[in-house]
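Shown next: query-v4.cif, given as mmCIF, C-alpha atoms and all ligand atoms.
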data_run
loop_
_atom_site.label_atom_id
_atom_site.label_comp_id
_atom_site.auth_asym_id
_atom_site.auth_seq_id
_atom_site.Cartn_x
_atom_site.Cartn_y
_atom_site.Cartn_z
CA MET Q 1 147.21 1.74 96.08
CA LEU Q 2 145.74 4.97 97.38
CA LEU Q 3 146.04 6.84 94.08
CA GLU Q 4 146.19 5.43 90.56
CA VAL Q 5 146.61 7.84 87.67
CA LYS Q 6 146.10 5.97 84.41
CA ASN Q 7 146.96 7.38 80.98
CA ILE Q 8 145.69 10.87 81.77
CA ARG Q 9 145.64 13.31 78.89
CA LYS Q 10 144.26 16.85 78.90
CA GLN Q 11 143.92 18.79 75.70
CA TYR Q 12 143.05 22.45 75.49
CA GLN Q 13 141.80 24.18 72.39
CA ARG Q 14 143.79 27.32 71.77
CA GLN Q 15 144.79 28.38 68.24
CA THR Q 16 145.50 24.69 67.78
CA LEU Q 17 144.69 21.65 69.89
CA PHE Q 18 147.32 21.51 72.60
CA CYS Q 19 148.15 18.76 75.10
CA ALA Q 20 148.79 20.20 78.63
CA VAL Q 21 149.00 16.72 80.20
CA ASP Q 22 150.25 14.00 77.91
CA ASN Q 23 149.48 10.37 78.78
CA VAL Q 24 150.53 10.54 82.44
CA SER Q 25 150.46 7.39 84.58
CA PHE Q 26 151.74 6.84 88.11
CA SER Q 27 150.52 5.55 91.43
CA LEU Q 28 150.97 6.31 95.11
CA GLN Q 29 150.70 3.98 98.04
CA GLN Q 30 149.35 4.96 101.39
CA ARG Q 31 151.94 6.98 103.35
CA ASP Q 32 153.92 7.93 100.24
CA TYR Q 33 155.38 11.44 100.21
CA ALA Q 34 155.75 12.35 96.55
CA CYS Q 35 156.77 15.43 94.69
CA ILE Q 36 156.32 16.57 91.10
CA MET Q 37 158.91 19.03 89.88
CA GLY Q 38 158.66 20.98 86.67
CA ARG Q 39 158.95 24.38 85.10
CA SER Q 40 156.09 26.81 84.86
CA GLY Q 41 153.64 25.77 82.15
CA SER Q 42 154.65 22.09 82.19
CA GLY Q 43 151.13 20.96 83.23
CA LYS Q 44 151.51 20.43 86.99
CA THR Q 45 148.43 22.40 88.11
CA THR Q 46 146.33 20.87 85.34
CA LEU Q 47 147.32 17.40 86.53
CA LEU Q 48 146.58 18.17 90.21
CA ASN Q 49 143.18 19.62 89.28
CA ILE Q 50 142.36 16.41 87.41
CA ILE Q 51 143.46 14.25 90.36
CA ALA Q 52 141.31 16.41 92.66
CA GLY Q 53 138.31 15.97 90.34
CA ILE Q 54 138.05 19.71 89.69
CA SER Q 55 138.90 19.31 86.01
CA THR Q 56 137.89 16.44 83.69
CA PRO Q 57 140.56 14.69 81.64
CA THR Q 58 140.25 14.29 77.87
CA GLN Q 59 141.36 10.71 78.37
CA GLY Q 60 142.34 8.34 81.19
CA ARG Q 61 141.19 7.38 84.65
CA ILE Q 62 141.81 8.46 88.22
CA ILE Q 63 141.24 5.89 90.94
CA ILE Q 64 141.45 7.05 94.53
CA ASP Q 65 141.06 4.66 97.42
CA ASN Q 66 139.71 2.05 94.95
CA THR Q 67 137.06 4.47 93.65
CA ASP Q 68 136.90 5.66 90.03
CA ILE Q 69 135.73 9.27 90.18
CA ALA Q 70 134.71 9.51 86.49
CA PRO Q 71 131.04 8.48 86.84
CA PHE Q 72 130.41 11.07 89.57
CA ASP Q 73 128.31 14.16 88.92
CA ASP Q 74 129.52 17.52 90.33
CA GLU Q 75 127.82 17.06 93.69
CA GLN Q 76 129.11 13.50 94.14
CA ALA Q 77 132.61 14.53 93.05
CA SER Q 78 132.59 17.38 95.59
CA GLN Q 79 131.42 15.04 98.36
CA PHE Q 80 134.06 12.46 97.54
CA ARG Q 81 136.81 15.04 97.21
CA ASN Q 82 135.86 16.60 100.49
CA GLN Q 83 135.99 13.31 102.35
CA THR Q 84 139.12 11.89 100.74
CA ILE Q 85 141.31 14.69 99.42
CA GLY Q 86 142.72 17.82 100.96
CA TYR Q 87 143.76 20.35 98.33
CA VAL Q 88 146.00 23.34 98.91
CA PRO Q 89 145.66 25.27 95.63
CA GLN Q 90 148.33 27.42 94.04
CA GLY Q 91 148.40 31.05 95.21
CA SER Q 92 146.00 32.61 97.67
CA SER Q 93 142.78 30.68 97.99
CA LEU Q 94 141.18 31.97 101.19
CA LEU Q 95 137.84 33.76 101.14
CA THR Q 96 138.65 37.34 102.12
CA ASN Q 97 135.36 38.02 103.92
CA LEU Q 98 135.77 35.06 106.29
CA THR Q 99 138.06 34.73 109.34
CA ALA Q 100 140.73 32.01 109.51
CA MET Q 101 138.41 29.84 111.62
CA GLU Q 102 135.49 30.34 109.20
CA ASN Q 103 137.70 29.57 106.18
CA ILE Q 104 138.99 26.42 107.86
CA CYS Q 105 135.53 25.12 108.79
CA LEU Q 106 133.96 25.98 105.41
CA PRO Q 107 134.53 22.57 103.75
CA TYR Q 108 132.81 20.96 106.70
CA TYR Q 109 129.80 23.29 106.54
CA LEU Q 110 129.49 22.95 102.76
CA TYR Q 111 129.52 19.20 102.50
CA SER Q 112 128.92 17.51 105.82
CA LYS Q 113 125.55 15.77 105.72
CA ASN Q 114 125.26 15.64 109.46
CA LYS Q 115 125.38 19.17 110.83
CA GLN Q 116 124.21 18.32 114.34
CA PRO Q 117 125.46 20.64 117.13
CA ASP Q 118 127.71 17.79 118.38
CA ASN Q 119 129.42 17.55 115.00
CA ILE Q 120 129.82 21.30 114.66
CA GLU Q 121 131.43 21.28 118.09
CA CYS Q 122 133.67 18.44 116.92
CA CYS Q 123 134.66 20.41 113.79
CA ASN Q 124 135.54 23.46 115.88
CA LYS Q 125 137.65 21.33 118.22
CA ARG Q 126 139.49 19.72 115.31
CA ALA Q 127 140.07 23.16 113.75
CA GLN Q 128 141.56 24.38 117.04
CA GLN Q 129 143.85 21.32 117.29
CA LEU Q 130 145.03 21.73 113.70
CA MET Q 131 145.61 25.46 114.16
CA GLN Q 132 147.69 24.68 117.22
CA MET Q 133 149.77 22.19 115.23
CA ALA Q 134 150.28 24.77 112.46
CA GLU Q 135 151.04 27.46 115.07
CA ILE Q 136 148.25 29.75 113.88
CA SER Q 137 145.86 29.61 116.88
CA HIS Q 138 146.30 33.35 117.39
CA LEU Q 139 144.87 33.97 113.90
CA SER Q 140 141.53 32.28 114.55
CA GLU Q 141 139.44 35.47 114.35
CA ILE Q 142 141.68 37.30 111.88
CA TYR Q 143 140.76 38.02 108.24
CA PRO Q 144 143.16 37.09 105.39
CA ASN Q 145 144.02 40.72 104.54
CA GLN Q 146 145.65 41.00 107.98
CA MET Q 147 147.85 37.92 107.51
CA SER Q 148 151.29 37.37 105.96
CA GLY Q 149 151.68 35.10 102.92
CA GLY Q 150 153.02 32.28 105.10
CA GLU Q 151 150.14 32.61 107.57
CA MET Q 152 147.57 32.50 104.75
CA ARG Q 153 149.22 29.41 103.33
CA ARG Q 154 149.13 27.68 106.73
CA VAL Q 155 145.42 28.54 107.09
CA ALA Q 156 144.83 27.03 103.61
CA ILE Q 157 146.72 23.89 104.67
CA VAL Q 158 144.68 23.55 107.86
CA ARG Q 159 141.49 24.06 105.81
CA ALA Q 160 142.63 21.20 103.54
CA LEU Q 161 143.00 18.98 106.62
CA ILE Q 162 139.70 19.72 108.36
CA CYS Q 163 137.90 16.66 106.95
CA SER Q 164 140.87 14.34 107.75
CA PRO Q 165 141.81 13.53 104.13
CA LYS Q 166 143.74 10.41 103.18
CA LEU Q 167 145.50 12.27 100.39
CA LEU Q 168 146.88 15.80 100.64
CA LEU Q 169 147.58 17.64 97.37
CA ALA Q 170 149.58 20.86 97.55
CA ASP Q 171 150.37 23.06 94.54
CA GLU Q 172 153.58 25.08 95.04
CA PRO Q 173 152.87 25.46 98.78
CA THR Q 174 156.03 27.47 99.46
CA ASN Q 175 155.88 29.72 96.42
CA ASP Q 176 156.37 33.42 97.21
CA LEU Q 177 157.35 32.65 100.82
CA ASP Q 178 160.52 33.56 102.69
CA ASP Q 179 162.87 30.78 103.87
CA GLU Q 180 161.55 30.69 107.43
CA SER Q 181 157.89 30.46 106.33
CA SER Q 182 158.81 27.76 103.79
CA ARG Q 183 160.60 25.79 106.47
CA GLN Q 184 157.56 26.02 108.79
CA ILE Q 185 155.30 24.72 106.03
CA MET Q 186 157.61 21.85 105.12
CA GLN Q 187 157.87 20.88 108.81
CA LEU Q 188 154.09 20.88 108.98
CA PHE Q 189 153.96 18.49 106.00
CA SER Q 190 156.64 16.25 107.53
CA GLY Q 191 154.59 16.05 110.73
CA LEU Q 192 151.43 15.17 108.78
CA HIS Q 193 153.32 12.54 106.80
CA SER Q 194 154.67 10.93 109.96
CA GLN Q 195 151.07 10.80 111.27
CA GLY Q 196 150.04 8.78 108.19
CA THR Q 197 148.87 11.31 105.57
CA THR Q 198 149.82 10.57 101.96
CA ILE Q 199 151.22 13.71 100.35
CA LEU Q 200 151.61 14.76 96.73
CA LEU Q 201 153.15 18.16 96.28
CA VAL Q 202 154.17 20.20 93.30
CA THR Q 203 157.17 22.50 93.41
CA HIS Q 204 159.97 23.91 91.35
CA ASP Q 205 162.20 24.29 94.42
CA HIS Q 206 164.85 21.55 94.88
CA GLU Q 207 165.09 22.16 98.64
CA VAL Q 208 161.35 21.59 99.02
CA ALA Q 209 161.58 18.47 96.83
CA ASN Q 210 164.20 17.03 99.20
CA TYR Q 211 161.55 16.54 101.88
CA ALA Q 212 159.72 14.01 99.65
CA SER Q 213 160.78 10.39 99.23
CA LYS Q 214 159.37 9.80 95.74
CA HIS Q 215 160.16 12.18 92.88
CA PHE Q 216 158.61 12.83 89.49
CA LYS Q 217 159.54 15.32 86.83
CA MET Q 218 157.07 17.00 84.51
CA GLU Q 219 158.18 18.38 81.15
CA ALA Q 220 155.80 19.63 78.46
CA GLY Q 221 152.95 17.53 79.85
CA LYS Q 222 154.96 14.33 80.20
CA LEU Q 223 155.76 12.82 83.61
CA THR Q 224 158.88 10.81 84.35
CA ASP Q 225 159.84 9.00 87.54
CA TYR Q 226 163.33 9.83 88.78
CA SER Q 227 163.36 8.60 92.37
N1 LIG C 1 141.99 26.55 80.82
C1 LIG C 1 143.03 26.53 79.97
N2 LIG C 1 142.88 26.71 78.64
C2 LIG C 1 143.92 26.66 77.79
N3 LIG C 1 145.20 26.44 78.19
C3 LIG C 1 145.43 26.26 79.51
C4 LIG C 1 144.37 26.29 80.48
N4 LIG C 1 144.91 26.05 81.71
C5 LIG C 1 146.24 25.89 81.53
N5 LIG C 1 146.54 26.02 80.21
C6 LIG C 1 147.89 25.86 79.62
O1 LIG C 1 148.33 24.56 79.91
C7 LIG C 1 149.73 24.56 80.19
C8 LIG C 1 149.97 23.97 81.56
O2 LIG C 1 149.49 24.86 82.54
P1 LIG C 1 149.58 24.55 84.10
O3 LIG C 1 148.98 23.21 84.33
O4 LIG C 1 149.01 25.70 84.83
O5 LIG C 1 151.16 24.46 84.29
P2 LIG C 1 152.06 24.60 85.59
O6 LIG C 1 151.19 24.43 86.78
O7 LIG C 1 153.10 23.51 85.45
O8 LIG C 1 152.68 25.95 85.53
C9 LIG C 1 150.20 26.00 80.06
O9 LIG C 1 150.75 26.17 78.77
C10 LIG C 1 148.92 26.80 80.23
O10 LIG C 1 149.00 28.01 79.52
MG MG C 2 150.90 25.67 88.37
#
Could you rewrite the structure in this file as C-alpha cells?
Ligand SMILES: Nc1ncnc2c1ncn2[C@@H]1O[C@H](COP(=O)(O)OP(=O)(O)O)[C@@H](O)[C@H]1O
Ligand SMILES: [Mg+2]
Amino acid sequence: MLLEVKNIRKQYQRQTLFCAVDNVSFSLQQRDYACIMGRSGSGKTTLLNIIAGISTPTQGRIIIDNTDIAPFDDEQASQFRNQTIGYVPQGSSLLTNLTAMENICLPYYLYSKNKQPDNIECCNKRAQQLMQMAEISHLSEIYPNQMSGGEMRRVAIVRALICSPKLLLADEPTNDLDDESSRQIMQLFSGLHSQGTTILLVTHDHEVANYASKHFKMEAGKLTDYS
C-alpha cells in the first residue's frame, strides 16, 4: 500500500467539541486514481491536510510508503512530505512576489539537502519539462497577478510535481475554473496517472470525479467507499 489512513479523527474546539473528520480509514495502492466527493464543510480539506502532515489528527495513524509520519518533528515532516507528496492546495497558493519558475522551484530550494550547481541545473531542467507538459512554458518569468485562474492552478500543479512525488494530493483543483481550463487540468492529471503517479483528489464536481477509478464520499466527517 502506498497510503494507509487508519481511524483518523480530527476534533476542533468551537462552542462545543466538534468532529470535522470522524474515524476515517481507507488505503490506496500505487497507481490508484482516487477521488473524494463531498459538500462544502464535510471535512475534505481537513483530511487532506492530515494526510499531507500539515495538520495533526486527534486520533489515528497515517502511513505513507510504509512510513508512519506521527513521530516526525516539523522539519522531518516537511522533508518527508517534500520527497513523497505533492500537494495542490485549495484556492490560490502561489507566492505573488515570485515568478512561475521561482514558485515551481521553491520546494526544491527549501528542502533539498544537496544544492550543488548540478542539482540546481537539474531542477531547472525538470521544471522546464513539467511546464512544457502542462503547456505553461510561456509563463516561466510571469508573476501570478498576470495569470488566469487556470494558469495559476497549472503552475501550482507543476510546483507539486517538482520533487517527483509518489502521491499527488489535489484539493478542488478545478474549482472556480471554466470548462476548458478544467479539462486541461484533468488531462494533465490523466497523463501523470498514466506515467505512474498515484492521485488523490477532492472535488464536488461529478464530471471531475469521473476521471478517477476509485470513489469515496465524505459526509459530516465520515468517509464511505462507493466505487
Ligand atoms: N481550524 C479550524 N477550527 C475549527 N473548525 C474548523 C477549522 N478548520 C475547519 N473547520 C471546520 O471543519 C469542518 C470541515 O472543514 P473543511 O475540512 O474545510 O471542509 P471541506 O473541505 O469539505 O469544505 C467545517 O465545518 C469547518 O468550519
Ligand atoms: Mg475544502
*For Phe26 (chain Q), which of Q:Tyr211, Q:Tyr109, Q:Tyr143, Q:Tyr226 is the closest residue, counting only C-alpha atoms?*
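Distance minimum relative to Phe26 (chain Q) lands on Q:Tyr226.
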_Can you tell me which residues surround Arg31 (chain Q) at a distance of at most 6 Å, considering all atoms listed in the file, apart from same-chain residues fewer than 4 positions away, and format the answer as a list in words?_
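The neighbour list is Gly196, Thr197 and Thr198 of chain Q.
Candidate residues Q:Asn210, Q:Thr46, Q:Ser27, Q:Ser194 were compared for distance to ligand LIG 1 (chain C), and the nearest is Q:Thr46, using all atoms listed in the file.
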*All residues within 8 Å of ligand MG 2 (chain C) are required, counting all atoms listed in the file; please report them as a VMD selection string.*
chain Q and resid 40 to 41 43 to 46 90 171 to 172
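Going from atom O4 of ligand LIG 1 (chain C) to CA of Gly221 (chain Q) covers 10.3 Å.
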*Looking at only C-alpha atoms, which of Q:Cys123, Q:Ala52, Q:Met218, Q:Leu188 is the one that sits closest to Pro107 (chain Q)?*
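Smallest separation from Pro107 (chain Q) among the options: Q:Cys123.
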*Return as a PyMOL selection string every polymer residue, whether protein, DNA or RNA, with at least one atom no more than 10 Å from an atom of ligand LIG 1 (chain C); count only C-alpha atoms and all ligand atoms.*
chain Q and resi 10-15+17-21+36-50+55+90+171-172+202-204+218-221
*Nearest residue to Gln129 (chain Q) from the set Q:Arg81, Q:Met101, Q:Gln146, Q:Leu169 (distances using all atoms listed in the file)*: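 Of the candidates, the smallest distance to Gln129 (chain Q) is held by Q:Met101.
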*Which residues, written as a ChimeraX atom specification, have at least one atom at most 9 Å from Ile64 (chain Q), with all atoms listed in the file counted and residues fewer than 3 positions away on the same chain left out?*
/Q:1-5,51,67-69,84,167
*Between CA of Ile63 (chain Q) and CA of Phe80 (chain Q), what is the spacing in Å?*
11.8 Å
*Please identify all polymer residues within 9 Å of Ala70 (chain Q), counting all atoms listed in the file, omitting same-chain residues fewer than 2 positions from it, and present them as a list in words.*
Gly53, Thr56, Arg61, Ile62, Ile63, Asp68, Phe72, Asp73 and Ala77 of chain Q
*Smallest atom-to-atom distance to Thr99 (chain Q): which of Q:Ser140, Q:Gln132, Q:Asn7, Q:Gln83, using all atoms listed in the file?*
Q:Ser140
*Work out how far CA of Ala34 (chain Q) is from CA of Ser213 (chain Q), in Å to one decimal.*
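According to the coordinates, CA of Ser213 (chain Q) and CA of Ala34 (chain Q) are separated by 6.0 Å.
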*Would you list the residues near (140.8, 44.0, 104.5), meaning any protein, DNA or RNA residue with an atom at most 12 Å from that point in file coordinates, counting all atoms listed in the file, as a ChimeraX atom specification?*
/Q:95-99,142-147
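Candidate residues Q:Leu223, Q:Val208, Q:Ile8, Q:Leu161 were compared for distance to Asn175 (chain Q), and the nearest is Q:Val208, using all atoms listed in the file.
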